[in-house]
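Enquirer: I am attaching a structure below and will ask some questions about it afterwards.
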Amino acid sequence: MHKSGFAALIGRPNVGKSTLLNSLVGEKIAITSDRPQTTRNQIRAVLTRPEGQIIYIDTPGLHKPKHMLGSAMVHMARTTMQEVDLICFIVEADKPPGRGDSYIAEFLGNTGSPVFLVLNKVDLVSPDLLAEHTSLYRELCPFRNYFTLSALKKINLESFTESSLAIMPEGPLYYPPEMITDQPEKFIAAEVIREKIINLTRQEIPFSIAVVVDEMSLRKNEDLLDIRAEIFVERKSQVGIIVGKNGRLLKQAGTTARQELEALFGRHIYLDLRVKVKRDWRNREEELRRLGYR
């Protein structure tokens with residue numbers, strides 16, 4: 001019997017959902033950073049085994065929205081929970097449950113789908129404290145099973161994967177065995193560029209940027225991929241911050257993004273980055289749609 005299905009990774013911002021997604025398939029599918037709310041879209045990673053296939057779905061962190069973008073992200077995460085065969089509630093093993101965890105667990109208890117509790121970052125906590133926190137989290141919801149692991153260090157991932165596959169229903173091969181994500185190349189390129197800027201900036205800038213790849217084309221008779229991307233910010237004063245003194249910050253972001261994209265796409269890349277202003281785009285529905293946040 002061949003099993004297949006969809007599993008959503010749910011939790012508060014910055015608990016390691018994207019890192020776990022990448023570790024499960026052994027490739028970088030979702031961008032990561034130490035900033036909360038880095039993930040803004042559904043990101044799918046395909047894990048194929050001889051006995052079945054799991055499509056893990058990374059979701060935006062559940063939080064109290066402060067703008068229309070935040071509301072769209074939370075809506076996306078909640079909608080995803082209603083459409084999957086398994087929900088994986090990701091928490092931080094080195095911290096006890098907080099109000100946000102309790103709120104999410106209460107919601108999960110009413111979904112009707114099986115829920116796994118996943119305590120991530122076990123490499124940061126002592127065995128005694130891990131046992132204490134595990135007990136506290138397990139009281140929040142009638143979980144089908146629980147796991148303690150480290151996505152970053154790749155500790156105890158196999159038992160989690162095996163149990164995820166075991167709970168899947170009988171089903172077809174949704175994706176070819178060699179496929180690890182269904183994300184379009186333009187989306188992947190835009191996310192990598194956004195990640196590099198996030199990691200080079202501070203304060204409000206990481207939350208205020210959006211990246212759209214306008215053009216991606218292969219030059220004739222050349223092994224060179226042209227990528228033209230626009231980086232949008234909310235205020236004119238933010239343009240100078242992203243460009244940096246003498247253009248250094250934008251050049252550094254472009255260089256690191258190009259190097260990573262060349263490794264991903266397997267060819268040389270010419271990357272053209274432009275910074276533009278879209279005033280208050282996070283609170284404008286029309287702009288959110290144009291930028292791909294539906």
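Letters A, B, ... mark the chains of the structure tokens in the order given; residue numbers begin at 1 per chain; ligand numbers begin at 1, in order shown.
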Would you mind listing what lies within 10 Å of segment 119-122 of chain A as a list in words, with only C-alpha atoms counted and same-chain residues fewer than 5 positions away left out?
Expert: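 So, after excluding close chain neighbours, the residues are Val15, Gly16, Lys17, Leu20, Phe89, Ile90, Val91, Glu92, Ala93, Asp94, Lys95, Pro127, Leu129, Leu130, His133, Thr134, Tyr137, Tyr146, Phe147, Thr148, Leu149, Ser150, Ala151, Leu152, Lys153, Lys154, Ile155 and Asn156 of chain A.
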Enquirer: For the selection just defined, write its residues with N, CA, C and O atoms to a file, as an mmCIF file, in the first residue's frame.
Expert:
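Saved the output as again-v6.cif:
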data_model
loop_
_atom_site.group_PDB
_atom_site.id
_atom_site.type_symbol
_atom_site.label_atom_id
_atom_site.label_comp_id
_atom_site.auth_asym_id
_atom_site.auth_seq_id
_atom_site.Cartn_x
_atom_site.Cartn_y
_atom_site.Cartn_z
ATOM 1 N N VAL A 15 10.206 29.603 15.621
ATOM 2 C CA VAL A 15 10.406 28.370 16.388
ATOM 3 C C VAL A 15 11.187 27.317 15.601
ATOM 4 O O VAL A 15 11.482 26.243 16.130
ATOM 5 N N GLY A 16 11.513 27.621 14.330
ATOM 6 C CA GLY A 16 12.329 26.697 13.537
ATOM 7 C C GLY A 16 11.568 25.892 12.506
ATOM 8 O O GLY A 16 12.059 24.851 12.051
ATOM 9 N N LYS A 17 10.401 26.353 12.089
ATOM 10 C CA LYS A 17 9.609 25.609 11.106
ATOM 11 C C LYS A 17 10.338 25.500 9.767
ATOM 12 O O LYS A 17 10.387 24.428 9.163
ATOM 13 N N LEU A 20 13.331 23.205 9.940
ATOM 14 C CA LEU A 20 12.874 21.812 9.949
ATOM 15 C C LEU A 20 12.483 21.367 8.556
ATOM 16 O O LEU A 20 12.840 20.261 8.127
ATOM 17 N N PHE A 89 2.665 20.639 15.292
ATOM 18 C CA PHE A 89 2.754 21.840 16.124
ATOM 19 C C PHE A 89 4.184 21.968 16.630
ATOM 20 O O PHE A 89 4.631 21.205 17.483
ATOM 21 N N ILE A 90 4.920 22.947 16.085
ATOM 22 C CA ILE A 90 6.337 23.122 16.406
ATOM 23 C C ILE A 90 6.481 24.121 17.558
ATOM 24 O O ILE A 90 5.944 25.231 17.499
ATOM 25 N N VAL A 91 7.215 23.716 18.602
ATOM 26 C CA VAL A 91 7.470 24.594 19.748
ATOM 27 C C VAL A 91 8.967 24.543 20.066
ATOM 28 O O VAL A 91 9.701 23.692 19.561
ATOM 29 N N GLU A 92 9.416 25.445 20.933
ATOM 30 C CA GLU A 92 10.819 25.493 21.335
ATOM 31 C C GLU A 92 11.009 24.708 22.625
ATOM 32 O O GLU A 92 10.447 25.065 23.672
ATOM 33 N N ALA A 93 11.819 23.664 22.562
ATOM 34 C CA ALA A 93 12.006 22.775 23.709
ATOM 35 C C ALA A 93 12.664 23.462 24.891
ATOM 36 O O ALA A 93 12.478 23.043 26.041
ATOM 37 N N ASP A 94 13.430 24.523 24.628
ATOM 38 C CA ASP A 94 14.147 25.190 25.722
ATOM 39 C C ASP A 94 13.305 26.232 26.442
ATOM 40 O O ASP A 94 13.795 26.904 27.348
ATOM 41 N N LYS A 95 12.026 26.356 26.051
ATOM 42 C CA LYS A 95 11.140 27.322 26.701
ATOM 43 C C LYS A 95 9.829 26.647 27.094
ATOM 44 O O LYS A 95 9.326 25.801 26.360
ATOM 45 N N PRO A 127 18.460 17.552 29.682
ATOM 46 C CA PRO A 127 17.454 16.471 29.701
ATOM 47 C C PRO A 127 16.356 16.684 30.737
ATOM 48 O O PRO A 127 15.176 16.417 30.466
ATOM 49 N N LEU A 129 15.216 19.561 32.046
ATOM 50 C CA LEU A 129 14.322 20.651 31.648
ATOM 51 C C LEU A 129 13.491 20.252 30.432
ATOM 52 O O LEU A 129 12.327 20.643 30.315
ATOM 53 N N LEU A 130 14.069 19.457 29.549
ATOM 54 C CA LEU A 130 13.325 18.961 28.388
ATOM 55 C C LEU A 130 12.137 18.126 28.840
ATOM 56 O O LEU A 130 11.017 18.278 28.320
ATOM 57 N N HIS A 133 9.453 20.500 30.284
ATOM 58 C CA HIS A 133 8.747 21.252 29.259
ATOM 59 C C HIS A 133 7.855 20.344 28.414
ATOM 60 O O HIS A 133 6.739 20.733 28.032
ATOM 61 N N THR A 134 8.343 19.144 28.118
ATOM 62 C CA THR A 134 7.537 18.195 27.347
ATOM 63 C C THR A 134 6.232 17.888 28.062
ATOM 64 O O THR A 134 5.149 17.868 27.451
ATOM 65 N N TYR A 137 3.841 20.921 27.745
ATOM 66 C CA TYR A 137 3.257 21.062 26.416
ATOM 67 C C TYR A 137 2.211 19.982 26.138
ATOM 68 O O TYR A 137 1.174 20.252 25.522
ATOM 69 N N TYR A 146 4.183 12.706 20.115
ATOM 70 C CA TYR A 146 5.085 13.840 20.347
ATOM 71 C C TYR A 146 6.518 13.420 20.046
ATOM 72 O O TYR A 146 6.889 12.246 20.136
ATOM 73 N N PHE A 147 7.338 14.427 19.678
ATOM 74 C CA PHE A 147 8.715 14.174 19.275
ATOM 75 C C PHE A 147 9.617 15.278 19.825
ATOM 76 O O PHE A 147 9.224 16.442 19.870
ATOM 77 N N THR A 148 10.813 14.902 20.227
ATOM 78 C CA THR A 148 11.831 15.866 20.641
ATOM 79 C C THR A 148 12.975 15.774 19.636
ATOM 80 O O THR A 148 13.517 14.687 19.406
ATOM 81 N N LEU A 149 13.336 16.902 19.024
ATOM 82 C CA LEU A 149 14.335 16.858 17.958
ATOM 83 C C LEU A 149 15.047 18.199 17.826
ATOM 84 O O LEU A 149 14.692 19.183 18.478
ATOM 85 N N SER A 150 16.034 18.213 16.985
ATOM 86 C CA SER A 150 16.720 19.459 16.625
ATOM 87 C C SER A 150 16.779 19.537 15.111
ATOM 88 O O SER A 150 17.452 18.723 14.467
ATOM 89 N N ALA A 151 16.055 20.488 14.546
ATOM 90 C CA ALA A 151 16.067 20.657 13.099
ATOM 91 C C ALA A 151 17.437 21.102 12.610
ATOM 92 O O ALA A 151 17.924 20.643 11.582
ATOM 93 N N LEU A 152 18.080 21.995 13.371
ATOM 94 C CA LEU A 152 19.374 22.527 12.965
ATOM 95 C C LEU A 152 20.462 21.461 13.011
ATOM 96 O O LEU A 152 21.275 21.337 12.088
ATOM 97 N N LYS A 153 20.480 20.668 14.083
ATOM 98 C CA LYS A 153 21.498 19.630 14.246
ATOM 99 C C LYS A 153 21.089 18.293 13.636
ATOM 100 O O LYS A 153 21.856 17.327 13.683
ATOM 101 N N LYS A 154 19.865 18.225 13.113
ATOM 102 C CA LYS A 154 19.319 17.003 12.492
ATOM 103 C C LYS A 154 19.319 15.828 13.463
ATOM 104 O O LYS A 154 19.747 14.717 13.132
ATOM 105 N N ILE A 155 18.801 16.093 14.669
ATOM 106 C CA ILE A 155 18.710 15.072 15.713
ATOM 107 C C ILE A 155 17.280 14.531 15.774
ATOM 108 O O ILE A 155 16.328 15.307 15.834
ATOM 109 N N ASN A 156 17.138 13.209 15.730
ATOM 110 C CA ASN A 156 15.840 12.525 15.888
ATOM 111 C C ASN A 156 14.842 12.843 14.773
ATOM 112 O O ASN A 156 13.627 12.750 14.985
#
Enquirer: Considering only C-alpha atoms, can you say which of A:Val243, A:Ile209, A:Lys28, A:Gln37 comes closest to Pro65 of chain A?
Expert: A:Gln37
Enquirer: When you look at Asn199 of chain A with a cut-off of 9 Å (counting only C-alpha atoms), what residues show up, excluding the ones that are within fewer than 6 positions of it in the same chain? I need them as a ChimeraX atom specification.
Expert: /A:33-35,206,253
Enquirer: Determine which residues of segment 101-165 of chain A DSSP labels as helix (DSSP H, G or I) from the backbone of this structure, then write them out as a PyMOL selection string.
Expert: chain A and resi 101-108+122-124+127-138+157-165
Enquirer: Which residues, written as a JSON list (two decimals) with N, CA and C atoms, in the first residue's frame, have at least one atom at most 7 Å from segment 75-83 of chain A, with only C-alpha atoms counted and residues fewer than 3 positions away on the same chain left out?
Expert:
[["chain", "number", "residue", "atom", "x", "y", "z"],
["A", 8, "ALA", "N", 1.17, 19.95, 7.66],
["A", 8, "ALA", "CA", 1.44, 21.37, 7.88],
["A", 8, "ALA", "C", 2.32, 21.57, 9.10],
["A", 59, "THR", "N", 4.49, 27.17, 7.04],
["A", 59, "THR", "CA", 3.48, 28.23, 7.09],
["A", 59, "THR", "C", 4.02, 29.43, 7.87],
["A", 60, "PRO", "N", 3.44, 30.61, 7.63],
["A", 60, "PRO", "CA", 3.83, 31.77, 8.43],
["A", 60, "PRO", "C", 3.54, 31.53, 9.91],
["A", 71, "SER", "N", -2.27, 39.89, 8.85],
["A", 71, "SER", "CA", -3.57, 39.22, 8.83],
["A", 71, "SER", "C", -3.63, 38.17, 7.72],
["A", 72, "ALA", "N", -3.08, 38.51, 6.55],
["A", 72, "ALA", "CA", -3.06, 37.57, 5.43],
["A", 72, "ALA", "C", -2.20, 36.35, 5.77],
["A", 87, "ILE", "N", -1.20, 17.74, 11.20],
["A", 87, "ILE", "CA", -0.70, 19.04, 11.67],
["A", 87, "ILE", "C", 0.45, 18.80, 12.64],
["A", 111, "THR", "N", -9.62, 21.24, 15.30],
["A", 111, "THR", "CA", -9.48, 21.09, 13.85],
["A", 111, "THR", "C", -10.00, 19.76, 13.35]]
Enquirer: Quick one: residues within 9 Å of Pro36 of chain A, only C-alpha atoms, excluding same-chain residues fewer than 6 positions away - as a PDB file with C-alpha atoms, in the first residue's frame?
Expert:
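result19.pdb was written with the following content:
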ATOM      1  CA  ARG A  12       4.643  30.745  16.636  1.00  0.00           C
ATOM      2  CA  PRO A  13       7.166  32.845  14.674  1.00  0.00           C
ATOM      3  CA  ASN A  14      10.830  31.862  14.901  1.00  0.00           C
ATOM      4  CA  VAL A  15      10.406  28.370  16.388  1.00  0.00           C
ATOM      5  CA  GLY A  61       4.163  31.955  12.212  1.00  0.00           C
ATOM      6  CA  PHE A 207       9.620  43.558   7.826  1.00  0.00           C
TER       7      PHE A 207
END
Enquirer: Atom CA of Leu69 of chain A to atom CA of Val233 of chain A: how many Å, to one decimal?
Expert: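 It comes out at 13.7 Å.
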